[in-house]
Amino acid sequence: MNQKTTILLADDHKLLRAGLKLLLQRYTELDVIGETADGEETLAFFNQKQPDLLILDLSMPKMDGLECMKEIKSRYPKTKVIVLTMHEDETYIKEAMKSGASAYVHKSAADTDLYKAITTVRNGGFYLSQKESDILLHSLINAENQTMDENEPYTLLSPRERDVLRLIVRGYSLSETAAKLS
């Protein structure tokens, strides 16, 4: 990919935007063409310039990042979005990715992680840092275990409840079951 990728930085912290802009200016293939401080400003910018890539915070005034991203992706589906946020909860990660993010990077990540995310997204891929990958993997494993338990309700019963169930299945009445189990 030889042409420059145009970028919009959307975060309500001016100092962070300024730092990101300085960081990204090192890379000749990237061109930061704008900065916005809230969701409404971000949408207005998109209606005028349609950058290739949006680096977006989730916690912004007037319109949060998720709502803003959904609106942008519905209007400009080819736009790539990298979420750069302080949120590391699996709910945020899942919601961001379902809403159209191509990458999710925590604000505590190294500058090289952000550049890796940009490069991956520019090449059509998806990016999660190791920390976010671990969070989602644990969530997936836990969800699979819960599904297995739901499919086998017997595993949810206590040992005593299993004894009661066995006797009822064998045809004992409730009073007989109670007498047998004391």
# chains A, B, ... in the order shown; residues from 1 in each chain; ligands from 1
>>> residues_around(residues="Asp89 in chain A", least_positions_apart="5", cutoff="10 Å", atoms="only C-alpha atoms", output="number ranges by chain")
A: 94, 132, 135-136
>>> write_last_selection(atoms="N, CA, C and O atoms", output="compact mmCIF listing (two decimals), in the first residue's frame")
# COMPACT_ATOMS: atom_id res chain seq x y z
N LYS A 94 -16.15 -6.38 23.10
CA LYS A 94 -17.13 -7.07 22.23
C LYS A 94 -18.03 -6.08 21.52
O LYS A 94 -18.27 -6.20 20.31
N GLU A 132 -6.20 -7.68 25.36
CA GLU A 132 -7.59 -7.78 24.90
C GLU A 132 -7.87 -9.18 24.35
O GLU A 132 -8.96 -9.71 24.56
N ILE A 135 -8.48 -11.38 27.34
CA ILE A 135 -9.80 -11.12 27.94
C ILE A 135 -10.89 -11.82 27.14
O ILE A 135 -11.76 -12.49 27.71
N LEU A 136 -10.85 -11.71 25.82
CA LEU A 136 -11.88 -12.35 24.99
C LEU A 136 -11.76 -13.87 25.01
O LEU A 136 -12.77 -14.57 24.99
>>> atom_distance(atom1="CA of Ile55 in chain A", atom2="CA of Leu140 in chain A")
26.6 Å
>>> closest_residue(among="A:Ile82, A:Ala110, A:Ile93, A:Leu181", to="Leu23 in chain A", atoms="only C-alpha atoms")
A:Ala110
>>> closest_residue(among="A:Gln25, A:Thr36, A:Gln3, A:Thr119", to="Gly65 in chain A", atoms="only C-alpha atoms")
A:Thr36
